$ cat run.txt   # compact mmCIF, C-alpha atoms and all ligand atoms
# COMPACT_ATOMS: atom_id res chain seq x y z
CA MET H 20 -61.42 -88.99 -57.30
CA ARG H 21 -63.39 -87.35 -54.54
CA THR H 22 -62.88 -89.73 -51.60
CA ALA H 23 -59.97 -91.93 -50.47
CA ALA H 24 -58.65 -93.67 -47.37
CA VAL H 25 -55.07 -94.11 -46.25
CA VAL H 26 -54.35 -96.97 -43.86
CA GLY H 27 -50.91 -96.57 -42.30
CA THR H 28 -50.13 -92.88 -41.78
CA GLY H 29 -46.34 -93.06 -41.68
CA LEU H 30 -43.91 -91.44 -44.12
CA ILE H 31 -45.49 -92.79 -47.32
CA GLY H 32 -49.17 -92.88 -46.22
CA THR H 33 -49.12 -89.31 -44.90
CA SER H 34 -47.26 -88.06 -47.97
CA ILE H 35 -49.97 -89.58 -50.21
CA ALA H 36 -52.73 -88.22 -47.97
CA LEU H 37 -51.20 -84.71 -48.07
CA ALA H 38 -50.91 -84.83 -51.87
CA LEU H 39 -54.53 -86.01 -52.25
CA THR H 40 -55.91 -83.49 -49.74
CA ARG H 41 -54.19 -80.68 -51.64
CA ARG H 42 -55.91 -81.88 -54.82
CA GLY H 43 -59.32 -81.59 -53.09
CA VAL H 44 -59.82 -85.28 -52.25
CA ALA H 45 -61.52 -86.02 -48.89
CA VAL H 46 -59.10 -88.43 -47.19
CA HIS H 47 -59.97 -90.73 -44.30
CA LEU H 48 -56.93 -91.64 -42.16
CA ASP H 49 -56.36 -94.80 -40.16
CA ASP H 50 -53.37 -96.31 -38.34
CA ALA H 51 -52.89 -99.00 -35.69
CA ASP H 52 -50.86 -96.35 -33.83
CA THR H 53 -53.27 -93.57 -32.82
CA THR H 54 -50.43 -91.06 -32.31
CA ALA H 55 -49.35 -91.52 -35.95
CA ALA H 56 -52.94 -91.09 -37.15
CA ARG H 57 -53.54 -87.99 -34.98
CA THR H 58 -50.27 -86.44 -36.10
CA ALA H 59 -51.18 -86.97 -39.77
CA GLU H 60 -54.57 -85.35 -39.15
CA ALA H 61 -52.95 -82.41 -37.37
CA LEU H 62 -50.61 -81.96 -40.36
CA GLY H 63 -53.70 -81.46 -42.54
CA ALA H 64 -53.51 -84.86 -44.29
CA GLY H 65 -57.19 -85.74 -43.79
CA SER H 66 -59.68 -86.75 -41.14
CA LEU H 67 -59.91 -89.60 -38.63
CA ARG H 68 -63.72 -89.61 -38.93
CA PRO H 69 -64.85 -92.91 -40.51
CA PRO H 70 -66.33 -92.38 -43.99
CA ALA H 71 -70.15 -92.54 -44.20
CA GLU H 72 -69.95 -94.77 -47.29
CA PRO H 73 -67.18 -96.74 -49.05
CA VAL H 74 -64.45 -94.44 -50.41
CA GLU H 75 -63.35 -94.71 -54.06
CA LEU H 76 -59.82 -95.94 -53.28
CA ALA H 77 -58.06 -97.12 -50.12
CA VAL H 78 -54.26 -96.96 -50.06
CA LEU H 79 -52.59 -99.43 -47.73
CA ALA H 80 -49.29 -97.91 -46.59
CA VAL H 81 -48.33 -100.44 -43.93
CA PRO H 82 -45.21 -102.68 -43.85
CA PRO H 83 -45.18 -105.46 -46.50
CA ALA H 84 -45.90 -108.30 -44.03
CA HIS H 85 -49.22 -106.64 -43.04
CA ILE H 86 -50.66 -106.01 -46.51
CA GLY H 87 -52.53 -109.35 -46.79
CA THR H 88 -54.29 -109.17 -43.43
CA VAL H 89 -54.99 -105.41 -43.55
CA LEU H 90 -56.49 -105.75 -47.05
CA ALA H 91 -58.70 -108.68 -45.99
CA ARG H 92 -59.93 -106.69 -42.95
CA CYS H 93 -60.62 -103.51 -44.94
CA GLN H 94 -62.49 -105.49 -47.61
CA ARG H 95 -64.58 -107.25 -44.93
CA GLU H 96 -65.46 -103.86 -43.44
CA GLY H 97 -66.31 -102.47 -46.90
CA LEU H 98 -63.93 -99.51 -46.55
CA ALA H 99 -63.50 -98.87 -50.30
CA HIS H 100 -64.52 -99.86 -53.83
CA ALA H 101 -60.87 -100.38 -54.85
CA TYR H 102 -57.60 -100.96 -52.99
CA THR H 103 -53.92 -100.46 -53.68
CA ASP H 104 -50.78 -100.69 -51.57
CA VAL H 105 -47.31 -99.12 -51.64
CA ALA H 106 -45.17 -101.98 -50.31
CA SER H 107 -41.58 -102.15 -51.59
CA VAL H 108 -42.04 -105.82 -52.63
CA LYS H 109 -44.92 -107.16 -54.66
CA SER H 110 -44.88 -110.99 -55.05
CA ARG H 111 -45.27 -111.96 -51.41
CA PRO H 112 -48.01 -109.41 -50.52
CA TYR H 113 -49.96 -110.62 -53.56
CA GLU H 114 -49.69 -114.25 -52.40
CA GLU H 115 -50.73 -113.21 -48.89
CA VAL H 116 -53.77 -111.29 -50.14
CA THR H 117 -55.09 -114.50 -51.65
CA ALA H 118 -54.09 -116.61 -48.60
CA ALA H 119 -55.71 -114.16 -46.12
CA GLY H 120 -59.04 -114.44 -47.95
CA GLY H 121 -58.80 -111.03 -49.65
CA ASP H 122 -60.50 -110.30 -52.96
CA PRO H 123 -57.83 -109.89 -55.69
CA ALA H 124 -60.33 -108.31 -58.12
CA SER H 125 -60.54 -104.96 -56.31
CA TYR H 126 -56.80 -104.97 -55.43
CA LEU H 127 -54.00 -103.41 -57.46
CA GLY H 128 -50.40 -103.74 -56.27
CA GLY H 129 -48.39 -100.51 -56.25
CA HIS H 130 -44.95 -99.15 -55.31
CA PRO H 131 -43.84 -95.52 -55.55
CA LEU H 132 -40.06 -95.26 -56.05
CA ALA H 133 -39.78 -92.31 -53.73
CA GLY H 134 -39.20 -92.08 -50.04
CA SER H 135 -36.43 -91.49 -47.59
CA GLU H 136 -34.44 -92.98 -44.76
CA ARG H 137 -36.87 -91.37 -42.29
CA SER H 138 -40.12 -92.86 -40.97
CA GLY H 139 -43.39 -91.57 -39.55
CA PRO H 140 -45.81 -88.80 -40.48
CA LEU H 141 -43.48 -85.97 -39.48
CA ALA H 142 -41.15 -86.90 -42.34
CA ALA H 143 -44.01 -86.74 -44.89
CA ARG H 144 -44.05 -84.33 -47.84
CA ALA H 145 -46.88 -83.62 -50.25
CA ASP H 146 -44.43 -83.35 -53.18
CA LEU H 147 -42.56 -86.59 -52.41
CA PHE H 148 -43.78 -88.37 -55.56
CA GLU H 149 -43.41 -85.50 -58.08
CA GLY H 150 -41.86 -86.90 -61.25
CA ARG H 151 -40.99 -90.23 -59.59
CA PRO H 152 -41.75 -93.66 -61.08
CA TRP H 153 -44.70 -95.40 -59.42
CA VAL H 154 -44.97 -99.09 -60.33
CA LEU H 155 -48.43 -100.63 -60.67
CA THR H 156 -48.69 -104.44 -60.84
CA PRO H 157 -52.18 -105.41 -62.00
CA SER H 158 -52.74 -109.17 -61.77
CA PRO H 159 -54.85 -111.03 -64.34
CA ARG H 160 -57.65 -110.82 -61.77
CA THR H 161 -57.45 -107.06 -61.11
CA HIS H 162 -60.58 -105.29 -62.36
CA ARG H 163 -60.15 -102.46 -64.84
CA ALA H 164 -61.89 -100.09 -62.37
CA ALA H 165 -59.21 -100.74 -59.72
CA LEU H 166 -56.42 -100.13 -62.27
CA ASN H 167 -58.05 -96.86 -63.31
CA ARG H 168 -58.30 -95.70 -59.68
CA GLY H 169 -54.61 -96.56 -59.20
CA LEU H 170 -53.63 -94.58 -62.30
CA GLU H 171 -55.66 -91.63 -61.02
CA LEU H 172 -53.89 -91.85 -57.64
CA VAL H 173 -50.46 -91.75 -59.29
CA SER H 174 -51.48 -88.79 -61.41
CA LEU H 175 -52.91 -86.85 -58.42
CA CYS H 176 -49.63 -87.42 -56.55
CA GLY H 177 -47.57 -86.21 -59.55
CA GLY H 178 -45.94 -89.64 -60.11
CA VAL H 179 -45.11 -91.40 -63.38
CA PRO H 180 -46.97 -94.74 -63.73
CA VAL H 181 -45.00 -97.83 -64.78
CA ILE H 182 -46.94 -101.06 -65.31
CA MET H 183 -45.00 -104.27 -64.49
CA ASP H 184 -45.66 -107.80 -63.37
CA VAL H 185 -44.87 -108.66 -59.78
CA ALA H 186 -41.86 -110.91 -60.50
CA ALA H 187 -40.19 -108.38 -62.83
CA HIS H 188 -40.81 -105.63 -60.27
CA ASP H 189 -39.16 -107.61 -57.46
CA ARG H 190 -36.11 -108.45 -59.59
CA ALA H 191 -35.76 -104.82 -60.64
CA VAL H 192 -35.92 -103.35 -57.14
CA ALA H 193 -33.51 -106.01 -55.81
CA LEU H 194 -30.94 -104.31 -58.08
CA THR H 195 -32.01 -100.66 -57.75
CA SER H 196 -33.12 -100.43 -54.12
CA HIS H 197 -32.77 -103.51 -51.90
CA ALA H 198 -29.15 -104.56 -52.61
CA PRO H 199 -28.00 -100.88 -52.48
CA HIS H 200 -29.56 -100.67 -49.02
CA LEU H 201 -27.52 -103.62 -47.74
CA VAL H 202 -24.31 -102.38 -49.39
CA SER H 203 -24.86 -99.01 -47.71
CA SER H 204 -25.47 -100.75 -44.34
CA ALA H 205 -22.34 -102.89 -44.74
CA LEU H 206 -20.21 -99.82 -45.40
CA ALA H 207 -21.85 -97.76 -42.63
CA ALA H 208 -21.29 -100.65 -40.19
CA ARG H 209 -17.51 -100.09 -40.63
CA LEU H 210 -18.03 -96.75 -38.87
CA GLU H 211 -19.67 -98.16 -35.74
CA ASP H 212 -16.39 -98.72 -33.89
CA ALA H 213 -14.17 -96.42 -35.93
CA GLU H 214 -12.23 -93.70 -34.17
CA ALA H 215 -14.19 -90.45 -33.86
CA GLU H 216 -11.17 -88.57 -35.16
CA HIS H 217 -11.25 -90.62 -38.36
CA ILE H 218 -14.95 -90.09 -38.90
CA ARG H 219 -14.48 -86.35 -38.44
CA VAL H 220 -12.52 -86.18 -41.67
CA SER H 221 -15.38 -87.51 -43.80
CA GLY H 222 -16.64 -85.83 -46.93
CA GLN H 223 -19.87 -85.73 -48.93
CA GLY H 224 -19.09 -89.11 -50.53
CA LEU H 225 -19.51 -90.92 -47.22
CA ARG H 226 -22.81 -89.14 -46.58
CA ASP H 227 -23.97 -90.11 -50.10
CA VAL H 228 -23.23 -93.81 -49.78
CA THR H 229 -24.42 -94.23 -46.18
CA ARG H 230 -27.60 -92.08 -46.14
CA ILE H 231 -29.99 -94.96 -46.75
CA ALA H 232 -28.32 -97.07 -44.03
CA ALA H 233 -30.25 -94.86 -41.56
CA GLY H 234 -33.52 -96.59 -42.62
CA GLU H 235 -35.72 -98.36 -40.08
CA PRO H 236 -34.27 -101.91 -39.53
CA ALA H 237 -37.65 -103.60 -38.84
CA LEU H 238 -39.14 -102.31 -42.09
CA TRP H 239 -36.03 -103.21 -44.11
CA ALA H 240 -35.78 -106.72 -42.62
CA ASP H 241 -39.40 -107.22 -43.70
CA ILE H 242 -38.65 -105.95 -47.24
CA LEU H 243 -35.42 -107.96 -47.65
CA GLU H 244 -36.90 -111.22 -46.37
CA ALA H 245 -39.71 -110.93 -48.88
CA ASN H 246 -37.22 -110.55 -51.76
CA ALA H 247 -34.36 -112.60 -50.36
CA ASP H 248 -33.26 -114.65 -53.40
CA ALA H 249 -33.21 -111.78 -55.87
CA VAL H 250 -31.29 -109.57 -53.42
CA ALA H 251 -28.82 -112.38 -52.67
CA ASP H 252 -28.12 -112.71 -56.43
CA VAL H 253 -27.17 -109.03 -56.71
CA LEU H 254 -25.08 -109.13 -53.53
CA GLU H 255 -23.23 -112.21 -54.82
CA ALA H 256 -22.22 -110.31 -57.96
CA CYS H 257 -21.14 -107.31 -55.84
CA ALA H 258 -19.17 -109.62 -53.53
CA ALA H 259 -17.33 -111.05 -56.57
CA ASP H 260 -16.33 -107.53 -57.67
CA LEU H 261 -15.30 -106.61 -54.12
CA GLY H 262 -13.27 -109.82 -53.95
CA ARG H 263 -11.47 -108.87 -57.19
CA MET H 264 -10.79 -105.39 -55.82
CA VAL H 265 -9.21 -106.86 -52.67
CA THR H 266 -7.04 -109.22 -54.75
CA VAL H 267 -5.94 -106.46 -57.10
CA LEU H 268 -5.11 -104.06 -54.26
CA ARG H 269 -3.10 -106.71 -52.41
CA ALA H 270 -1.38 -107.90 -55.60
CA ARG H 271 0.57 -104.65 -55.80
CA ARG H 272 2.53 -105.53 -52.69
CA GLY H 273 5.78 -107.24 -53.67
CA ALA H 274 4.85 -107.34 -57.38
CA ASP H 275 7.31 -106.35 -60.10
CA GLU H 276 6.62 -103.42 -62.41
CA GLN H 277 4.65 -105.56 -64.85
CA GLY H 278 2.56 -107.07 -62.06
CA ARG H 279 1.76 -103.59 -60.68
CA ALA H 280 0.75 -102.40 -64.17
CA ARG H 281 -1.60 -105.38 -64.56
CA ALA H 282 -3.14 -104.68 -61.13
CA THR H 283 -3.61 -101.00 -62.01
CA ALA H 284 -5.23 -101.93 -65.34
CA GLU H 285 -7.69 -104.28 -63.64
CA LEU H 286 -8.51 -101.75 -60.93
CA THR H 287 -9.05 -99.07 -63.59
CA GLU H 288 -11.39 -101.36 -65.52
CA LEU H 289 -13.44 -102.01 -62.38
CA LEU H 290 -13.69 -98.25 -61.82
CA ARG H 291 -14.67 -97.71 -65.50
CA ARG H 292 -17.44 -100.29 -65.16
CA GLY H 293 -18.64 -98.25 -62.19
CA ASN H 294 -18.60 -95.09 -64.35
CA ARG H 295 -20.66 -96.80 -67.05
CA GLY H 296 -23.21 -98.12 -64.54
CA HIS H 297 -23.47 -94.75 -62.84
CA ALA H 298 -24.13 -93.04 -66.19
CA ARG H 299 -27.27 -95.17 -66.51
CA VAL H 300 -28.79 -94.04 -63.18
CA PRO H 301 -31.73 -91.73 -63.91
CA GLN H 302 -31.04 -88.32 -62.45
CA LYS H 303 -33.31 -86.71 -59.88
CA PRO H 304 -36.34 -85.53 -61.85
CA ARG H 305 -37.39 -81.92 -61.86
CA SER H 306 -35.08 -81.02 -59.03
CA ARG H 307 -35.88 -77.42 -58.24
CA PRO H 308 -34.69 -75.05 -55.55
CA VAL H 309 -37.48 -74.09 -53.15
CA GLU H 310 -37.18 -71.28 -50.66
CA PHE H 311 -38.60 -71.81 -47.17
CA VAL H 312 -38.67 -69.89 -43.94
CA ALA H 313 -37.73 -71.98 -40.91
CA VAL H 314 -39.54 -70.74 -37.79
CA PRO H 315 -38.25 -72.28 -34.55
CA VAL H 316 -40.86 -72.80 -31.79
CA ALA H 317 -40.10 -74.14 -28.28
CA VAL H 318 -42.57 -76.93 -27.46
CA PRO H 319 -43.00 -78.43 -23.96
CA ASP H 320 -42.32 -82.18 -23.78
CA GLN H 321 -45.96 -83.02 -22.93
CA PRO H 322 -48.44 -85.42 -24.55
CA GLY H 323 -50.42 -83.70 -27.29
CA ALA H 324 -48.29 -80.53 -27.37
CA LEU H 325 -47.13 -81.14 -30.97
CA ALA H 326 -50.63 -82.03 -32.14
CA ARG H 327 -51.96 -78.76 -30.57
CA LEU H 328 -49.30 -76.75 -32.39
CA PHE H 329 -49.98 -78.43 -35.77
CA SER H 330 -53.77 -78.11 -35.35
CA ALA H 331 -53.56 -74.39 -34.58
CA VAL H 332 -51.33 -73.82 -37.61
CA SER H 333 -53.40 -75.90 -40.03
CA GLU H 334 -56.69 -74.36 -38.79
CA ALA H 335 -55.22 -70.96 -39.66
CA GLY H 336 -54.76 -72.24 -43.23
CA VAL H 337 -50.94 -72.24 -43.12
CA ASN H 338 -49.29 -75.18 -44.92
CA ILE H 339 -46.39 -76.78 -43.07
CA GLU H 340 -43.94 -77.83 -45.83
CA ASP H 341 -41.61 -79.72 -43.48
CA VAL H 342 -40.90 -80.14 -39.79
CA ARG H 343 -37.65 -80.67 -37.92
CA ILE H 344 -37.56 -81.56 -34.24
CA GLU H 345 -34.64 -81.24 -31.89
CA HIS H 346 -35.01 -82.73 -28.40
CA SER H 347 -32.78 -81.26 -25.75
CA LEU H 348 -31.71 -83.89 -23.25
CA ASP H 349 -31.32 -81.52 -20.34
CA ARG H 350 -34.50 -79.45 -20.80
CA PRO H 351 -38.18 -80.45 -20.57
CA ARG H 352 -38.91 -79.10 -24.05
CA GLY H 353 -37.92 -79.54 -27.64
CA LEU H 354 -37.29 -77.12 -30.45
CA VAL H 355 -39.60 -77.55 -33.43
CA GLU H 356 -38.69 -75.87 -36.71
CA LEU H 357 -41.69 -75.24 -38.93
CA LEU H 358 -40.75 -74.79 -42.58
CA VAL H 359 -43.25 -72.69 -44.48
CA ASP H 360 -43.53 -70.76 -47.72
CA PRO H 361 -42.20 -67.20 -47.15
CA ALA H 362 -45.66 -65.88 -48.17
CA SER H 363 -47.20 -67.70 -45.16
CA LEU H 364 -44.87 -66.14 -42.59
CA THR H 365 -47.19 -63.33 -41.44
CA GLY H 366 -50.12 -65.74 -41.00
CA LEU H 367 -47.92 -68.20 -39.11
CA ARG H 368 -46.59 -65.54 -36.73
CA ARG H 369 -50.14 -64.32 -36.09
CA VAL H 370 -51.42 -67.80 -35.18
CA LEU H 371 -48.39 -68.59 -33.01
CA ASP H 372 -48.75 -65.30 -31.10
CA ALA H 373 -52.51 -65.80 -30.67
CA ASN H 374 -51.97 -69.27 -29.20
CA GLY H 375 -49.16 -68.37 -26.84
CA TRP H 376 -46.38 -70.18 -28.76
CA ALA H 377 -43.26 -68.10 -28.65
CA PRO H 378 -41.62 -68.26 -32.11
CA GLN H 379 -37.92 -67.46 -32.25
CA GLU H 380 -35.96 -65.64 -34.93
CA GLU H 381 -36.65 -67.26 -38.29
CA GLY H 382 -34.10 -68.10 -40.97
CA ARG H 383 -34.41 -68.56 -44.72
CA LEU H 384 -33.20 -71.65 -46.46
CA VAL H 385 -33.24 -73.09 -49.95
CA GLU H 386 -33.71 -76.81 -50.50
CA ASN H 387 -33.40 -78.78 -53.72
CA ARG H 388 -36.59 -80.77 -54.20
N1 LIG Y 1 -39.70 -95.68 -46.52
C1 LIG Y 1 -39.67 -95.50 -47.83
O1 LIG Y 1 -38.88 -94.70 -48.32
C2 LIG Y 1 -40.64 -96.24 -48.70
C3 LIG Y 1 -41.50 -97.20 -48.16
N2 LIG Y 1 -42.38 -97.85 -49.00
C4 LIG Y 1 -43.33 -98.82 -48.42
O2 LIG Y 1 -44.34 -98.06 -47.77
C5 LIG Y 1 -44.87 -98.78 -46.66
C6 LIG Y 1 -44.84 -97.89 -45.43
O3 LIG Y 1 -43.51 -97.50 -45.17
P1 LIG Y 1 -43.18 -96.14 -44.38
O4 LIG Y 1 -44.24 -95.15 -44.61
O5 LIG Y 1 -41.77 -95.82 -44.69
O6 LIG Y 1 -43.24 -96.69 -42.88
P2 LIG Y 1 -43.65 -95.92 -41.55
O7 LIG Y 1 -43.09 -96.71 -40.44
O8 LIG Y 1 -43.32 -94.48 -41.64
O9 LIG Y 1 -45.25 -96.07 -41.52
C7 LIG Y 1 -45.91 -97.29 -41.43
C8 LIG Y 1 -47.19 -97.07 -40.64
O10 LIG Y 1 -48.00 -98.24 -40.71
C9 LIG Y 1 -48.62 -98.41 -39.45
N3 LIG Y 1 -49.06 -99.80 -39.34
C10 LIG Y 1 -48.29 -100.90 -39.17
N4 LIG Y 1 -49.07 -102.00 -39.13
C11 LIG Y 1 -50.36 -101.57 -39.28
C12 LIG Y 1 -51.61 -102.24 -39.32
N5 LIG Y 1 -51.68 -103.58 -39.21
N6 LIG Y 1 -52.73 -101.49 -39.46
C13 LIG Y 1 -52.66 -100.14 -39.57
N7 LIG Y 1 -51.50 -99.46 -39.52
C14 LIG Y 1 -50.36 -100.17 -39.39
C15 LIG Y 1 -47.55 -98.00 -38.45
O11 LIG Y 1 -48.13 -97.69 -37.18
C16 LIG Y 1 -46.92 -96.81 -39.15
O12 LIG Y 1 -47.52 -95.59 -38.76
C17 LIG Y 1 -44.04 -100.06 -46.54
O13 LIG Y 1 -44.76 -101.12 -47.12
C18 LIG Y 1 -42.79 -99.74 -47.36
O14 LIG Y 1 -42.25 -100.92 -47.92
C19 LIG Y 1 -42.48 -97.56 -50.32
C20 LIG Y 1 -41.67 -96.61 -50.89
C21 LIG Y 1 -40.66 -95.90 -50.13
O1 LIG Y 2 -34.25 -92.76 -49.66
C1 LIG Y 2 -34.19 -93.08 -50.84
O2 LIG Y 2 -33.44 -92.51 -51.64
C2 LIG Y 2 -35.04 -94.18 -51.38
O3 LIG Y 2 -34.78 -94.68 -52.43
C3 LIG Y 2 -36.21 -94.52 -50.54
C4 LIG Y 2 -36.98 -95.72 -50.91
C5 LIG Y 2 -37.06 -96.74 -49.97
C6 LIG Y 2 -37.81 -97.85 -50.23
C7 LIG Y 2 -38.50 -97.95 -51.43
O4 LIG Y 2 -39.25 -99.03 -51.64
C8 LIG Y 2 -38.44 -96.95 -52.38
C9 LIG Y 2 -37.69 -95.82 -52.12

$ encode --input "run.txt" --output "structure tokens"
Amino acid sequence: MRTAAVVGTGLIGTSIALALTRRGVAVHLDDADTTAARTAEALGAGSLRPPAEPVELAVLAVPPAHIGTVLARCQREGLAHAYTDVASVKSRPYEEVTAAGGDPASYLGGHPLAGSERSGPLAARADLFEGRPWVLTPSPRTHRAALNRGLELVSLCGGVPVIMDVAAHDRAVALTSHAPHLVSSALAARLEDAEAEHIRVSGQGLRDVTRIAAGEPALWADILEANADAVADVLEACAADLGRMVTVLRARRGADEQGRARATAELTELLRRGNRGHARVPQKPRSRPVEFVAVPVAVPDQPGALARLFSAVSEAGVNIEDVRIEHSLDRPRGLVELLVDPASLTGLRRVLDANGWAPQEEGRLVENR
């Protein structure tokens, strides 16, 4: 693939655009929010310049409810020869493509099973899809050429293609992604009014089970509504188990020795079922420690300041592996931490000095990716 377009330059769109750009693909970027598009461009994910001729593949990385209309518009404008999307649900977008007057022949549904609880281009990573499953849902009307472009996209992003039909996909992710999100939210909601002193004594387990509850509510409401019945089925089964757990825990009170033994046996069996289910969860693929240097830079809280910083860095040929931003409430500037490969440190310091950005003392860190 030599040319591509990414429509929707948030977390997933920018991550795809970064991966493609690094593999030498010329990527055209587009987003309804110009700040998101400009930020993605400044991160080195591609160019905002409209392509002179249709690109080989356009990737629609917008929320599920927008796939149908965005596809129909892009097809009318002749943006690409083939189209795919990344929405977390597949049945409803497919129905909406047809209803919005889109052409199902050049469209291939897609869904990478990789992401995070963060949104927007600043959370993007070129290696986000490495070793991760990426579902493709060709319909009977999808042309072979569109399927081939989709397979090439997955390969360029380092993903593992999995072909499924839309209904099977939606049932699967209800169990593996959508219901877990709601369970995490329900548990995290217990913390909203909890005493700060109680929350202070939390361990890694709480972080593990509540991390995804930090996801963007508007996006998740869109996803869950589009897969409501399948998600409700999984939650019903969880609710039955939770109900049994409550009964068993309460049954101990006032029970005789035999009653307590029965309650313990049932509780233990519920925990064992959890062990067996957990053993079936695929482990993080190719997790590898990566060493970065984190260079803190103070950035004034002015429009375009971040984009200027990213442009200067990317023009100097330095790859930004990740970005962290800390806004200080009482000062008119924020602290931006640029994470780069240690080998890029000299180049980064040179470009920051030349452009008047005052970098502060850097630190090394190792992340598991
Ligand atoms: N967040 C995650 O971890 C994952 C999300 N997905 C799917 O990827 C898609 C994008 O999600 P994120 O990147 O997380 O969201 P995001 O909020 O980071 O990015 C979405 C972008 O789409 C833009 N957008 C919205 N409507 C648009 C329109 N009509 N035309 C052009 N641009 C438009 C927004 O301005 C935003 O920049 C969703 O369909 C989601 O279901 C798939 C896998 C993982
Ligand atoms: O943050 C995580 O661990 C995720 O699993 C992210 C995610 C969110 C939505 C998807 O459709 C796929 C993956």

$ closest_atom_pairs --input "run.txt" --of "chain H" --to "ligand LIG 2 (chain Y)" --cutoff "10 Å" --atoms "only C-alpha atoms and all ligand atoms" --output "JSON lines"
{"residue": "H:Ile31", "atom": "CA", "partner": "Y:LIG2", "partner_atom": "C7", "distance": 9.6}
{"residue": "H:Val105", "atom": "CA", "partner": "Y:LIG2", "partner_atom": "O4", "distance": 8.1}
{"residue": "H:Ala106", "atom": "CA", "partner": "Y:LIG2", "partner_atom": "O4", "distance": 6.7}
{"residue": "H:Ser107", "atom": "CA", "partner": "Y:LIG2", "partner_atom": "O4", "distance": 3.9}
{"residue": "H:Val108", "atom": "CA", "partner": "Y:LIG2", "partner_atom": "O4", "distance": 7.4}
{"residue": "H:His130", "atom": "CA", "partner": "Y:LIG2", "partner_atom": "O4", "distance": 6.8}
{"residue": "H:Pro131", "atom": "CA", "partner": "Y:LIG2", "partner_atom": "C8", "distance": 6.4}
{"residue": "H:Leu132", "atom": "CA", "partner": "Y:LIG2", "partner_atom": "C8", "distance": 4.4}
{"residue": "H:Ala133", "atom": "CA", "partner": "Y:LIG2", "partner_atom": "C9", "distance": 4.4}
{"residue": "H:Gly134", "atom": "CA", "partner": "Y:LIG2", "partner_atom": "C3", "distance": 3.9}
{"residue": "H:Ser135", "atom": "CA", "partner": "Y:LIG2", "partner_atom": "O1", "distance": 3.3}
{"residue": "H:Glu136", "atom": "CA", "partner": "Y:LIG2", "partner_atom": "O1", "distance": 4.9}
{"residue": "H:Arg137", "atom": "CA", "partner": "Y:LIG2", "partner_atom": "O1", "distance": 7.9}
{"residue": "H:Arg151", "atom": "CA", "partner": "Y:LIG2", "partner_atom": "C9", "distance": 9.9}
{"residue": "H:Pro152", "atom": "CA", "partner": "Y:LIG2", "partner_atom": "C8", "distance": 9.9}
{"residue": "H:Trp153", "atom": "CA", "partner": "Y:LIG2", "partner_atom": "C8", "distance": 9.5}
{"residue": "H:Val192", "atom": "CA", "partner": "Y:LIG2", "partner_atom": "O4", "distance": 7.7}
{"residue": "H:Ala193", "atom": "CA", "partner": "Y:LIG2", "partner_atom": "O4", "distance": 10.0}
{"residue": "H:Thr195", "atom": "CA", "partner": "Y:LIG2", "partner_atom": "O3", "distance": 8.5}
{"residue": "H:Ser196", "atom": "CA", "partner": "Y:LIG2", "partner_atom": "O3", "distance": 6.2}
{"residue": "H:His197", "atom": "CA", "partner": "Y:LIG2", "partner_atom": "C6", "distance": 7.8}
{"residue": "H:Pro199", "atom": "CA", "partner": "Y:LIG2", "partner_atom": "O3", "distance": 9.2}
{"residue": "H:His200", "atom": "CA", "partner": "Y:LIG2", "partner_atom": "C5", "distance": 8.5}
{"residue": "H:Asp227", "atom": "CA", "partner": "Y:LIG2", "partner_atom": "O2", "distance": 9.9}
{"residue": "H:Arg230", "atom": "CA", "partner": "Y:LIG2", "partner_atom": "O1", "distance": 7.6}
{"residue": "H:Ile231", "atom": "CA", "partner": "Y:LIG2", "partner_atom": "O1", "distance": 5.6}
{"residue": "H:Ala232", "atom": "CA", "partner": "Y:LIG2", "partner_atom": "O1", "distance": 9.2}
{"residue": "H:Ala233", "atom": "CA", "partner": "Y:LIG2", "partner_atom": "O1", "distance": 9.3}
{"residue": "H:Gly234", "atom": "CA", "partner": "Y:LIG2", "partner_atom": "O1", "distance": 8.0}
{"residue": "H:Leu238", "atom": "CA", "partner": "Y:LIG2", "partner_atom": "C6", "distance": 9.4}
{"residue": "H:Trp239", "atom": "CA", "partner": "Y:LIG2", "partner_atom": "C6", "distance": 8.3}
{"residue": "H:Ile242", "atom": "CA", "partner": "Y:LIG2", "partner_atom": "O4", "distance": 8.2}

$ closest_residue --input "run.txt" --among "H:Val228, H:Val316, H:Thr266, H:Arg299" --to "H:Thr283" --atoms "all atoms listed in the file"
H:Thr266

$ closest_residue --input "run.txt" --among "H:Ala282, H:Val78, H:Val312, H:Ala124" --to "H:Leu268" --atoms "only C-alpha atoms"
H:Ala282

$ atom_distance --input "run.txt" --atom1 "atom CA of H:Arg57" --atom2 "atom CA of H:Leu141"
11.2 Å

$ residues_around --input "run.txt" --residues "H:Ala38" --least-positions-apart "3" --cutoff "6 Å" --atoms "all atoms listed in the file" --output "PyMOL selection string"
chain H and resi 35+41+145+176

$ residues_around --input "run.txt" --residues "H:Gln379" --least-positions-apart "5" --cutoff "12 Å" --atoms "only C-alpha atoms" --output "JSON, numbers by chain"
{"H": [312, 313, 314, 315, 316, 317, 318, 354, 355, 356, 357, 368, 371, 372]}

$ atom_distance --input "run.txt" --atom1 "atom CA of H:Ser34" --atom2 "atom CA of H:Gly139"
9.9 Å

$ closest_residue --input "run.txt" --among "H:Val74, H:Ser66, H:Glu235, H:Asp146" --to "ligand LIG 1 (chain Y)" --atoms "all atoms listed in the file"
H:Glu235

$ atom_distance --input "run.txt" --atom1 "atom CA of H:Leu261" --atom2 "atom C1 of ligand LIG 1 (chain Y)"
27.5 Å

$ closest_residue --input "run.txt" --among "H:Ala36, H:Val202, H:Ala142, H:Ala101" --to "ligand LIG 1 (chain Y)" --atoms "only C-alpha atoms and all ligand atoms"
H:Ala142
